[in-house]
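Enquirer: Got a file for you: start37.txt, compact mmCIF, C-alpha atoms.
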```txt
# COMPACT_ATOMS: atom_id res chain seq x y z
CA MET A 199 -15.72 -30.74 9.63
CA LEU A 200 -13.05 -28.08 10.03
CA LEU A 201 -15.18 -25.83 12.21
CA PRO A 202 -13.84 -27.24 15.54
CA LEU A 203 -10.30 -26.48 14.34
CA PHE A 204 -11.27 -22.88 13.54
CA GLU A 205 -13.01 -22.59 16.90
CA TRP A 206 -9.87 -23.80 18.60
CA CYS A 207 -7.78 -21.25 16.64
CA GLU A 208 -10.03 -18.45 17.81
CA SER A 209 -9.76 -19.63 21.42
CA THR A 210 -5.95 -19.55 21.48
CA GLY A 211 -4.23 -17.03 23.74
CA LEU A 212 -2.74 -15.16 20.78
CA GLY A 213 -6.11 -14.85 19.09
CA LEU A 214 -7.62 -13.59 22.30
CA VAL A 215 -4.94 -10.96 22.86
CA VAL A 216 -5.36 -9.55 19.34
CA ARG A 217 -9.16 -9.67 19.49
CA GLU A 218 -9.44 -7.92 22.84
CA SER A 219 -7.05 -5.11 21.99
CA VAL A 220 -8.36 -1.92 20.38
CA TRP A 221 -5.23 -1.19 18.39
CA LEU A 222 -3.41 -4.55 17.90
CA PHE A 223 -5.55 -5.73 14.99
CA PRO A 224 -5.18 -2.45 13.03
CA VAL A 225 -1.43 -2.31 13.70
CA ILE A 226 -0.90 -5.94 12.58
CA GLU A 227 -3.11 -5.19 9.58
CA ALA A 228 -0.83 -2.28 8.67
CA ALA A 229 2.22 -4.56 8.95
CA HIS A 230 0.41 -7.09 6.75
CA LEU A 231 -0.13 -4.32 4.16
CA LEU A 232 3.53 -3.22 4.30
CA GLY A 233 4.56 -6.86 3.79
CA LEU A 234 2.25 -6.94 0.77
CA CYS A 235 4.03 -3.93 -0.71
CA LEU A 236 7.46 -5.51 -0.24
CA LEU A 237 6.23 -8.78 -1.72
CA GLY A 238 4.58 -6.91 -4.61
CA GLY A 239 7.72 -4.96 -5.48
CA ALA A 240 10.11 -7.93 -5.39
CA LEU A 241 7.57 -9.98 -7.33
CA PHE A 242 6.54 -7.55 -10.11
CA LEU A 243 10.11 -6.47 -10.79
CA VAL A 244 10.90 -10.04 -11.86
CA ASP A 245 7.47 -10.89 -13.35
CA LEU A 246 7.64 -7.81 -15.59
CA ARG A 247 11.11 -8.85 -16.70
CA MET A 248 9.74 -12.32 -17.49
CA LEU A 249 7.14 -10.66 -19.68
CA GLY A 250 9.84 -8.70 -21.49
CA ALA A 251 9.14 -5.38 -19.73
CA GLY A 252 10.82 -3.25 -17.08
CA LEU A 253 14.49 -4.00 -16.34
CA THR A 254 15.10 -5.85 -19.61
CA ARG A 255 18.80 -4.95 -19.87
CA THR A 256 19.61 -7.07 -16.81
CA ALA A 257 19.85 -10.86 -17.11
CA LEU A 258 16.79 -12.55 -15.62
CA PRO A 259 18.64 -15.08 -13.39
CA ALA A 260 20.66 -12.28 -11.75
CA LEU A 261 17.57 -10.12 -11.25
CA ALA A 262 15.57 -12.97 -9.71
CA ARG A 263 18.45 -13.91 -7.41
CA GLN A 264 18.77 -10.35 -6.08
CA ALA A 265 15.02 -9.88 -5.66
CA ARG A 266 14.63 -13.18 -3.78
CA PRO A 267 15.63 -12.09 -0.22
CA TRP A 268 13.12 -9.18 -0.40
CA LEU A 269 10.44 -11.49 -1.72
CA VAL A 270 11.10 -13.93 1.14
CA ALA A 271 11.06 -11.03 3.65
CA GLY A 272 7.70 -9.85 2.25
CA VAL A 273 6.22 -13.36 2.38
CA ALA A 274 7.55 -13.92 5.93
CA THR A 275 6.07 -10.60 7.15
CA MET A 276 2.74 -11.47 5.57
CA LEU A 277 2.64 -15.00 7.00
CA ALA A 278 3.55 -13.89 10.54
CA SER A 279 1.05 -11.02 10.60
CA GLY A 280 -1.56 -13.02 8.66
CA VAL A 281 -1.54 -15.88 11.18
CA LEU A 282 -2.17 -13.39 14.02
CA LEU A 283 -5.02 -11.71 12.14
CA PHE A 284 -6.51 -15.13 11.35
CA LEU A 285 -6.32 -16.38 14.95
CA SER A 286 -8.23 -13.32 16.15
CA GLU A 287 -11.17 -13.93 13.81
CA ALA A 288 -10.95 -17.58 12.75
CA ILE A 289 -14.69 -18.26 12.96
CA LYS A 290 -15.50 -15.23 10.81
CA CYS A 291 -12.96 -16.57 8.29
CA TYR A 292 -14.60 -20.01 8.33
CA TYR A 293 -17.83 -18.47 7.06
CA SER A 294 -16.12 -16.13 4.58
CA GLN A 295 -15.98 -17.21 0.93
CA ALA A 296 -13.16 -14.75 0.30
CA PHE A 297 -11.06 -16.46 2.98
CA TRP A 298 -11.47 -19.86 1.33
CA VAL A 299 -10.51 -18.43 -2.06
CA LYS A 300 -7.44 -16.91 -0.49
CA ILE A 301 -6.35 -19.85 1.62
CA THR A 302 -6.59 -22.27 -1.31
CA THR A 303 -4.87 -19.93 -3.80
CA LEU A 304 -2.05 -19.01 -1.39
CA PRO A 305 -0.33 -22.45 -1.25
CA VAL A 306 -0.60 -22.70 -5.03
CA ALA A 307 1.00 -19.25 -5.38
CA LEU A 308 3.76 -20.11 -2.89
CA LEU A 309 4.55 -23.44 -4.54
CA PHE A 310 4.45 -21.91 -8.00
CA THR A 311 6.74 -19.04 -6.94
CA PHE A 312 9.38 -21.03 -5.08
CA VAL A 313 9.36 -24.22 -7.15
CA VAL A 314 8.33 -23.44 -10.74
CA ARG A 315 9.07 -19.73 -11.17
CA GLU A 316 12.38 -19.84 -9.36
CA ARG A 317 13.66 -22.60 -11.67
CA VAL A 318 12.32 -20.97 -14.82
CA ALA A 319 13.97 -17.66 -13.87
CA ALA A 320 17.29 -19.28 -12.98
CA ALA A 321 17.46 -21.16 -16.27
CA ALA A 322 16.32 -18.30 -18.53
CA ASP A 323 18.62 -16.80 -21.15
CA ASP A 324 18.32 -13.37 -22.79
CA HIS A 325 15.54 -14.45 -25.11
CA VAL A 326 12.15 -14.30 -23.41
CA GLY A 327 10.37 -17.42 -24.62
CA PHE A 328 6.80 -18.53 -24.12
CA THR A 329 7.52 -20.54 -20.96
CA VAL A 330 9.20 -17.58 -19.24
CA ALA A 331 6.49 -15.12 -20.25
CA ALA A 332 3.70 -17.49 -19.22
CA THR A 333 5.38 -18.07 -15.85
CA GLY A 334 5.48 -14.29 -15.23
CA ALA A 335 1.82 -13.91 -16.21
CA VAL A 336 0.67 -16.83 -14.03
CA SER A 337 2.67 -15.45 -11.08
CA ILE A 338 1.00 -12.03 -11.37
CA ALA A 339 -2.45 -13.60 -11.73
CA LEU A 340 -1.98 -15.89 -8.71
CA TRP A 341 -0.72 -13.20 -6.36
CA LEU A 342 -3.30 -10.60 -7.42
CA THR A 343 -5.98 -13.22 -6.69
CA VAL A 344 -4.52 -13.87 -3.23
CA ALA A 345 -4.31 -10.13 -2.52
CA ALA A 346 -7.80 -9.30 -3.79
CA ALA A 347 -9.41 -12.21 -1.92
CA GLY A 348 -7.47 -11.19 1.20
CA ARG A 349 -8.75 -7.62 1.00
CA TRP A 350 -12.27 -8.99 0.45
CA ILE A 351 -12.25 -10.87 3.80
CA GLY A 352 -12.59 -7.47 5.42
CA PHE A 353 -15.78 -6.65 3.49
CA SER A 354 -17.73 -9.69 4.67
CA MET B 39 -6.33 48.77 8.70
CA LEU B 40 -6.91 45.08 9.34
CA PRO B 41 -9.88 44.05 11.44
CA HIS B 42 -8.81 42.09 14.50
CA ALA B 43 -10.82 39.07 13.35
CA TRP B 44 -8.67 38.82 10.26
CA PRO B 45 -7.09 35.37 10.85
CA GLU B 46 -10.48 33.82 11.46
CA HIS B 47 -11.81 35.21 8.20
CA ILE B 48 -8.84 33.82 6.32
CA LEU B 49 -9.32 30.42 7.92
CA PHE B 50 -12.97 30.45 6.99
CA ALA B 51 -12.13 31.46 3.44
CA VAL B 52 -9.70 28.58 2.89
CA SER B 53 -11.77 25.87 4.56
CA LEU B 54 -12.81 23.36 1.92
CA LEU B 55 -15.62 21.96 4.06
CA PRO B 56 -18.44 23.72 2.13
CA LEU B 57 -17.08 22.18 -1.07
CA TRP B 58 -17.05 18.69 0.48
CA GLN B 59 -20.58 19.19 1.83
CA TRP B 60 -21.76 20.12 -1.64
CA MET B 61 -19.86 17.14 -3.10
CA ALA B 62 -21.36 14.69 -0.58
CA ALA B 63 -24.84 15.76 -1.70
CA GLN B 64 -24.20 14.87 -5.35
CA PRO B 65 -26.12 11.81 -6.65
CA TRP B 66 -22.91 10.02 -7.73
CA SER B 67 -21.31 10.56 -4.34
CA ILE B 68 -24.37 9.23 -2.55
CA GLY B 69 -24.51 6.32 -4.99
CA LEU B 70 -20.88 5.36 -4.32
CA ARG B 71 -21.27 5.80 -0.57
CA GLU B 72 -24.28 3.49 -0.46
CA SER B 73 -23.18 1.00 -3.11
CA LEU B 74 -22.84 -2.66 -2.19
CA PHE B 75 -20.08 -3.57 -4.66
CA MET B 76 -18.59 -0.42 -6.20
CA TRP B 77 -16.96 0.78 -2.99
CA PRO B 78 -15.27 -2.59 -2.16
CA LEU B 79 -14.20 -2.94 -5.81
CA LEU B 80 -12.61 0.52 -5.78
CA GLU B 81 -10.99 -0.19 -2.44
CA SER B 82 -9.58 -3.52 -3.75
CA ALA B 83 -8.22 -1.85 -6.91
CA HIS B 84 -6.67 0.81 -4.63
CA VAL B 85 -4.90 -1.88 -2.56
CA LEU B 86 -3.73 -3.94 -5.56
CA THR B 87 -2.24 -0.88 -7.28
CA LEU B 88 -0.73 0.15 -3.93
CA MET B 89 1.01 -3.23 -3.89
CA MET B 90 2.50 -2.47 -7.34
CA PHE B 91 3.19 1.20 -6.74
CA VAL B 92 4.73 1.16 -3.25
CA GLY B 93 6.37 -2.17 -4.09
CA THR B 94 8.23 -0.94 -7.16
CA THR B 95 8.98 2.38 -5.44
CA THR B 96 10.55 0.42 -2.55
CA MET B 97 12.73 -1.51 -5.01
CA LEU B 98 13.93 1.79 -6.54
CA ASP B 99 14.61 3.16 -3.05
CA LEU B 100 16.61 0.06 -2.11
CA ARG B 101 18.64 0.50 -5.31
CA LEU B 102 19.22 4.21 -4.49
CA LEU B 103 20.46 3.14 -1.06
CA GLY B 104 22.85 0.75 -2.80
CA VAL B 105 21.74 -2.25 -0.73
CA THR B 106 20.59 -4.37 -3.66
CA PHE B 107 20.48 -4.59 -7.50
CA ARG B 108 23.95 -3.04 -7.45
CA GLY B 109 24.70 -4.26 -10.97
CA VAL B 110 21.60 -2.60 -12.44
CA PRO B 111 22.17 1.06 -13.47
CA THR B 112 19.96 3.53 -11.60
CA SER B 113 18.94 5.02 -14.95
CA GLU B 114 17.49 1.64 -15.95
CA PHE B 115 15.32 1.72 -12.82
CA THR B 116 14.15 5.29 -13.43
CA GLY B 117 13.90 4.83 -17.20
CA ARG B 118 12.35 1.39 -17.57
CA LEU B 119 10.72 0.44 -14.25
CA LEU B 120 9.40 3.89 -13.30
CA PRO B 121 6.79 3.97 -16.13
CA TRP B 122 5.15 0.94 -14.46
CA THR B 123 5.36 2.62 -11.08
CA ARG B 124 3.67 5.69 -12.59
CA ALA B 125 0.95 3.58 -14.23
CA ALA B 126 0.13 1.96 -10.90
CA PHE B 127 0.20 5.39 -9.25
CA ALA B 128 -2.32 6.70 -11.81
CA VAL B 129 -4.84 3.92 -11.06
CA MET B 130 -4.19 4.27 -7.33
CA THR B 131 -4.83 8.02 -7.51
CA VAL B 132 -8.03 7.70 -9.55
CA THR B 133 -9.46 5.02 -7.24
CA GLY B 134 -8.31 7.01 -4.18
CA LEU B 135 -10.03 10.18 -5.43
CA LEU B 136 -13.23 8.22 -6.11
CA LEU B 137 -13.11 6.73 -2.59
CA PHE B 138 -12.72 10.25 -1.23
CA TYR B 139 -15.56 11.46 -3.47
CA ALA B 140 -17.80 8.83 -1.89
CA ASN B 141 -17.48 10.34 1.59
CA PRO B 142 -15.67 13.70 1.51
CA VAL B 143 -16.99 15.15 4.78
CA ARG B 144 -15.93 12.10 6.80
CA TYR B 145 -12.41 12.18 5.38
CA HIS B 146 -12.18 15.94 5.89
CA HIS B 147 -12.59 15.37 9.62
CA ASN B 148 -10.50 12.18 9.78
CA LEU B 149 -7.24 12.60 11.67
CA PHE B 150 -5.46 9.77 9.83
CA PHE B 151 -6.62 11.05 6.45
CA ARG B 152 -5.20 14.49 7.26
CA ALA B 153 -1.87 12.94 8.30
CA LYS B 154 -1.88 10.90 5.10
CA VAL B 155 -2.38 14.00 2.93
CA ILE B 156 0.54 15.75 4.67
CA LEU B 157 2.74 12.68 4.12
CA LEU B 158 1.66 12.51 0.46
CA VAL B 159 2.68 16.15 -0.02
CA ALA B 160 6.03 15.47 1.70
CA SER B 161 6.54 12.46 -0.55
CA GLY B 162 5.69 14.51 -3.65
CA LEU B 163 8.18 17.22 -2.68
CA ASN B 164 10.84 14.57 -2.13
CA ILE B 165 10.19 13.08 -5.59
CA TRP B 166 10.37 16.54 -7.18
CA PHE B 167 13.56 17.33 -5.29
CA PHE B 168 15.25 14.07 -6.32
CA HIS B 169 14.30 14.32 -9.98
CA SER B 170 15.25 17.99 -10.29
CA ARG B 171 18.62 17.61 -8.51
CA ALA B 172 20.52 14.35 -8.04
CA HIS B 173 18.75 12.50 -10.85
CA THR B 174 19.65 15.09 -13.52
CA ARG B 175 23.29 13.93 -13.23
CA VAL B 176 22.42 10.23 -12.98
CA GLN B 177 24.76 9.26 -15.86
CA ALA B 178 27.70 10.34 -13.69
CA TRP B 179 26.80 7.95 -10.83
CA ASP B 180 24.73 5.29 -12.59
CA LEU B 181 26.73 2.37 -11.16
CA THR B 182 28.71 4.19 -8.44
CA MET B 183 28.71 2.46 -5.04
CA PRO B 184 27.58 3.83 -2.74
CA PRO B 185 25.22 6.15 -4.66
CA PRO B 186 25.54 9.89 -3.85
CA ARG B 187 24.37 11.12 -0.46
CA ALA B 188 21.48 13.09 -1.98
CA ALA B 189 20.12 9.95 -3.67
CA ARG B 190 20.39 7.89 -0.48
CA LEU B 191 18.70 10.65 1.50
CA ALA B 192 15.85 10.81 -1.04
CA ALA B 193 15.45 7.02 -0.71
CA VAL B 194 15.23 7.17 3.09
CA VAL B 195 12.67 10.00 2.98
CA SER B 196 10.69 8.12 0.34
CA LEU B 197 10.63 4.87 2.33
CA ALA B 198 9.62 6.65 5.54
CA ALA B 199 6.93 8.73 3.83
CA TRP B 200 5.34 5.81 1.96
CA VAL B 201 5.35 3.58 5.04
CA GLY B 202 3.57 6.47 6.78
CA VAL B 203 1.08 6.82 3.91
CA VAL B 204 0.28 3.09 3.92
CA VAL B 205 -0.14 2.94 7.72
CA THR B 206 -2.22 6.14 8.04
CA GLY B 207 -4.20 5.12 4.95
CA ARG B 208 -5.10 1.81 6.57
CA MET B 209 -6.05 3.58 9.82
CA VAL B 210 -8.49 5.92 8.02
CA ALA B 211 -11.01 3.08 8.32
CA TYR B 212 -11.02 3.30 12.14
CA ASN B 213 -13.20 5.80 13.94
CA TRP B 214 -11.23 6.20 17.20
CA PHE B 215 -10.71 9.92 16.64
CA ASP B 216 -13.94 10.77 14.82
CA CYS B 217 -15.55 14.09 15.73
CA ASP B 218 -18.88 12.49 16.64
CA LEU B 219 -17.17 10.30 19.26
CA GLN B 220 -16.70 12.92 21.99
CA PRO B 221 -15.00 13.55 24.30
CA GLN B 222 -11.76 13.74 22.31
CA SER B 223 -8.60 15.46 23.42
CA ALA B 224 -8.21 19.14 22.54
CA PHE B 225 -5.45 18.18 20.12
CA VAL B 226 -7.68 15.74 18.23
CA ASN B 227 -10.51 18.26 18.03
CA TRP B 228 -8.10 20.87 16.73
CA ALA B 229 -6.28 18.57 14.28
CA ALA B 230 -9.47 17.07 12.90
CA ALA B 231 -11.27 20.45 12.80
CA CYS B 232 -14.12 19.13 14.93
CA VAL B 233 -16.91 21.55 15.77
CA VAL B 234 -17.52 20.84 19.45
CA PRO B 235 -20.14 22.71 21.48
CA PRO B 236 -18.57 24.32 24.58
CA VAL B 237 -18.98 22.31 27.79
CA GLY B 238 -22.12 23.27 29.73
CA GLU B 239 -24.32 24.09 26.74
```
I'd like the structure from this file rewritten - as structure tokens, please.

Expert:
Amino acid sequence: MLLPLFEWCESTGLGLVVRESVWLFPVIEAAHLLGLCLLGGALFLVDLRMLGAGLTRTALPALARQARPWLVAGVATMLASGVLLFLSEAIKCYYSQAFWVKITTLPVALLFTFVVRERVAAAADDHVGFTVAATGAVSIALWLTVAAAGRWIGFS
Amino acid sequence: MLPHAWPEHILFAVSLLPLWQWMAAQPWSIGLRESLFMWPLLESAHVLTLMMFVGTTTMLDLRLLGVTFRGVPTSEFTGRLLPWTRAAFAVMTVTGLLLFYANPVRYHHNLFFRAKVILLVASGLNIWFFHSRAHTRVQAWDLTMPPPRAARLAAVVSLAAWVGVVVTGRMVAYNWFDCDLQPQSAFVNWAAACVVPPVGE
């Protein structure tokens, strides 16, 4: 049902430009990877704190607030580069199980991060309770799934 | 008296290629190279730990530059976050060495891999320099803004080197400059230590 949509994506001018270039795909891929590192750092710093590890002497709401712009920058880099990579090989993605795992987990991870986790972190006091710790654990699990499934698209 | 062919002999003596050729012939190396799932699993673990390692390193670098987390003492970063950075580095190194073990001769001749190793050494020297100099007096500038020049310089070098490592590491997968894809420029053949038969033979 969605195949025509994916075929259209692959036929777009942007997809064509990336696909026909020798070096564009690898360069965008590298940017995607650098975005992943930025996202990972801003994410784990706070998730570890939520689990009672890492920078525990700093209040969680302050830490989350300061990490947020870097997290957003990482996500934005990944989305921009990811869309370009996707457009260049949309039909391959359509037939890739890893892609479907990633593309269904990604919205969940984004919603969880910017709706649930952000509120839990902002409301947290010095005592790390079950809700805070569980939120940190779920965040790590979601994003590692997205990252691993993303890497796996390249193996298929 | 030194024989005139002395530099060549030295070069031959320090080339690690025979070691990699021996390594590539080992059953475990062949097994990894030809495996359907082990190689992708190692590669995935390498990328996930990269995400944690370079990510947390970047956060420390941003703190050393004084652009963010200004209220968090530097010593808390190096004392309480760095163990996690090191743990991720350990897994990343083990998986990286195993990936190398799977195909040592290819990586030996890979231009991007060689650049990556140089950048890794530069990064290691920078870490050693920072921890043996500026960081030994960290209590004196724990919350000082801006942090000392030496710390900011170390952060810039670190960011540049790790960006370089990530980019060259990703490019290792591409064969544009592989020795078996001739003709390559003289620079590539030199930098990748390609053995190219002279033209006309």

Enquirer: Between chain A and chain B, at 10 Å or less, what are the per-residue closest atom pairs and their distances in Å? Count all atoms listed in the file, order by chain and rising residue number, and return it as a tab-separated table.

Expert:
```
residue	atom	partner	partner_atom	distance
A:Val220	CA	B:Trp214	CA	9.2
A:Trp221	CA	B:Trp214	CA	9.6
A:Pro224	CA	B:Met209	CA	6.9
A:Val225	CA	B:Val205	CA	8.1
A:Glu227	CA	B:Arg208	CA	7.9
A:Ala228	CA	B:Val205	CA	5.4
A:Ala229	CA	B:Val205	CA	8.0
A:Leu231	CA	B:Val204	CA	7.4
A:Leu232	CA	B:Val201	CA	7.1
A:Gly233	CA	B:Met89	CA	9.2
A:Leu234	CA	B:Met89	CA	6.1
A:Cys235	CA	B:Met89	CA	4.4
A:Leu236	CA	B:Gly93	CA	5.2
A:Leu237	CA	B:Gly93	CA	7.0
A:Gly238	CA	B:Gly93	CA	5.1
A:Gly239	CA	B:Gly93	CA	3.4
A:Ala240	CA	B:Met97	CA	6.9
A:Leu241	CA	B:Gly93	CA	8.5
A:Phe242	CA	B:Met90	CA	7.1
A:Leu243	CA	B:Thr94	CA	6.9
A:Leu246	CA	B:Leu119	CA	8.9
A:Arg247	CA	B:Leu119	CA	9.6
A:Ala251	CA	B:Arg118	CA	7.8
A:Gly252	CA	B:Leu119	CA	4.7
A:Leu253	CA	B:Arg118	CA	5.9
A:Thr254	CA	B:Arg118	CA	8.0
A:Arg255	CA	B:Glu114	CA	7.8
A:Thr256	CA	B:Val110	CA	6.6
A:Ala257	CA	B:Val110	CA	9.6
A:Ala260	CA	B:Phe107	CA	8.8
A:Leu261	CA	B:Phe107	CA	7.3
A:Ala262	CA	B:Phe107	CA	10.0
A:Arg263	CA	B:Phe107	CA	9.5
A:Gln264	CA	B:Phe107	CA	6.2
A:Ala265	CA	B:Phe107	CA	7.8
A:Pro267	CA	B:Thr106	CA	9.8
A:Trp268	CA	B:Met97	CA	9.0
A:Trp341	CA	B:Leu86	CA	9.8
A:Leu342	CA	B:Leu86	CA	6.9
A:Thr343	CA	B:Leu86	CA	9.6
A:Ala345	CA	B:Leu86	CA	6.9
A:Ala346	CA	B:Ser82	CA	6.0
A:Ala347	CA	B:Ser82	CA	8.9
A:Gly348	CA	B:Ser82	CA	9.4
A:Arg349	CA	B:Ser82	CA	6.3
A:Trp350	CA	B:Ser82	CA	7.4
A:Gly352	CA	B:Pro78	CA	9.4
A:Phe353	CA	B:Pro78	CA	7.0
```

Enquirer: Excluding same-chain residues fewer than 2 positions from Phe215 of chain B, what lies within 12 Å of it counting all atoms listed in the file, as an mmCIF file with C-alpha atoms, keeping the file's coordinate frame?

Expert:
```cif
data_model
loop_
_atom_site.group_PDB
_atom_site.id
_atom_site.type_symbol
_atom_site.label_atom_id
_atom_site.label_comp_id
_atom_site.auth_asym_id
_atom_site.auth_seq_id
_atom_site.Cartn_x
_atom_site.Cartn_y
_atom_site.Cartn_z
ATOM 1 C CA ARG B 144 -15.930 12.100 6.800
ATOM 2 C CA TYR B 145 -12.410 12.180 5.380
ATOM 3 C CA HIS B 147 -12.590 15.370 9.620
ATOM 4 C CA ASN B 148 -10.500 12.180 9.780
ATOM 5 C CA LEU B 149 -7.240 12.600 11.670
ATOM 6 C CA PHE B 150 -5.460 9.770 9.830
ATOM 7 C CA PHE B 151 -6.620 11.050 6.450
ATOM 8 C CA ARG B 152 -5.200 14.490 7.260
ATOM 9 C CA MET B 209 -6.050 3.580 9.820
ATOM 10 C CA VAL B 210 -8.490 5.920 8.020
ATOM 11 C CA ALA B 211 -11.010 3.080 8.320
ATOM 12 C CA TYR B 212 -11.020 3.300 12.140
ATOM 13 C CA ASN B 213 -13.200 5.800 13.940
ATOM 14 C CA CYS B 217 -15.550 14.090 15.730
ATOM 15 C CA ASP B 218 -18.880 12.490 16.640
ATOM 16 C CA LEU B 219 -17.170 10.300 19.260
ATOM 17 C CA GLN B 220 -16.700 12.920 21.990
ATOM 18 C CA PRO B 221 -15.000 13.550 24.300
ATOM 19 C CA GLN B 222 -11.760 13.740 22.310
ATOM 20 C CA SER B 223 -8.600 15.460 23.420
ATOM 21 C CA ALA B 224 -8.210 19.140 22.540
ATOM 22 C CA PHE B 225 -5.450 18.180 20.120
ATOM 23 C CA VAL B 226 -7.680 15.740 18.230
ATOM 24 C CA ASN B 227 -10.510 18.260 18.030
ATOM 25 C CA TRP B 228 -8.100 20.870 16.730
ATOM 26 C CA ALA B 229 -6.280 18.570 14.280
ATOM 27 C CA ALA B 230 -9.470 17.070 12.900
ATOM 28 C CA ALA B 231 -11.270 20.450 12.800
ATOM 29 C CA CYS B 232 -14.120 19.130 14.930
#
```

Enquirer: Which distance in Å separates atom CA of Val216 of chain A and atom CA of Ser286 of chain A, to one decimal?

Expert: 5.7 Å

Enquirer: Can you tell me, as a VMD selection string, what residues are no more than 10 Å from Trp206 of chain A when counting all atoms listed in the file, ignoring any on the same chain fewer than 5 positions away?

Expert: chain A and resid 201 213 285 288 to 289

Enquirer: Restricting the calculation to only C-alpha atoms, which member of B:Leu100, B:Phe127, B:Ala63, B:Val195 is positioned closest to Leu157 of chain B?

Expert: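 Ranked by minimum distance to Leu157 of chain B, first place goes to B:Val195.
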
Enquirer: What does the distance from atom CA of Ala332 of chain A to atom CA of Arg315 of chain A come to in Å, to one decimal?

Expert: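 The value is 9.9 Å.
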
Enquirer: For the atom pair atom CA of Ser337 of chain A and atom CA of Val318 of chain A, what is the interatomic distance in Å to one decimal place?

Expert: 11.7 Å

Enquirer: Applying 12 Å and all atoms listed in the file, which residues near Phe328 of chain A remain after dropping the ones on its own chain fewer than 3 positions away? List them as a PyMOL selection string.

Expert: chain A and resi 248-250+318+322+325+331-336

Enquirer: Taking into account only C-alpha atoms, which residue in the set B:Ile68, B:Thr112, B:Ala199, B:Leu135 is nearest to Ala160 of chain B?

Expert: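 Using only C-alpha atoms, Ala160 of chain B sits closest to B:Ala199.
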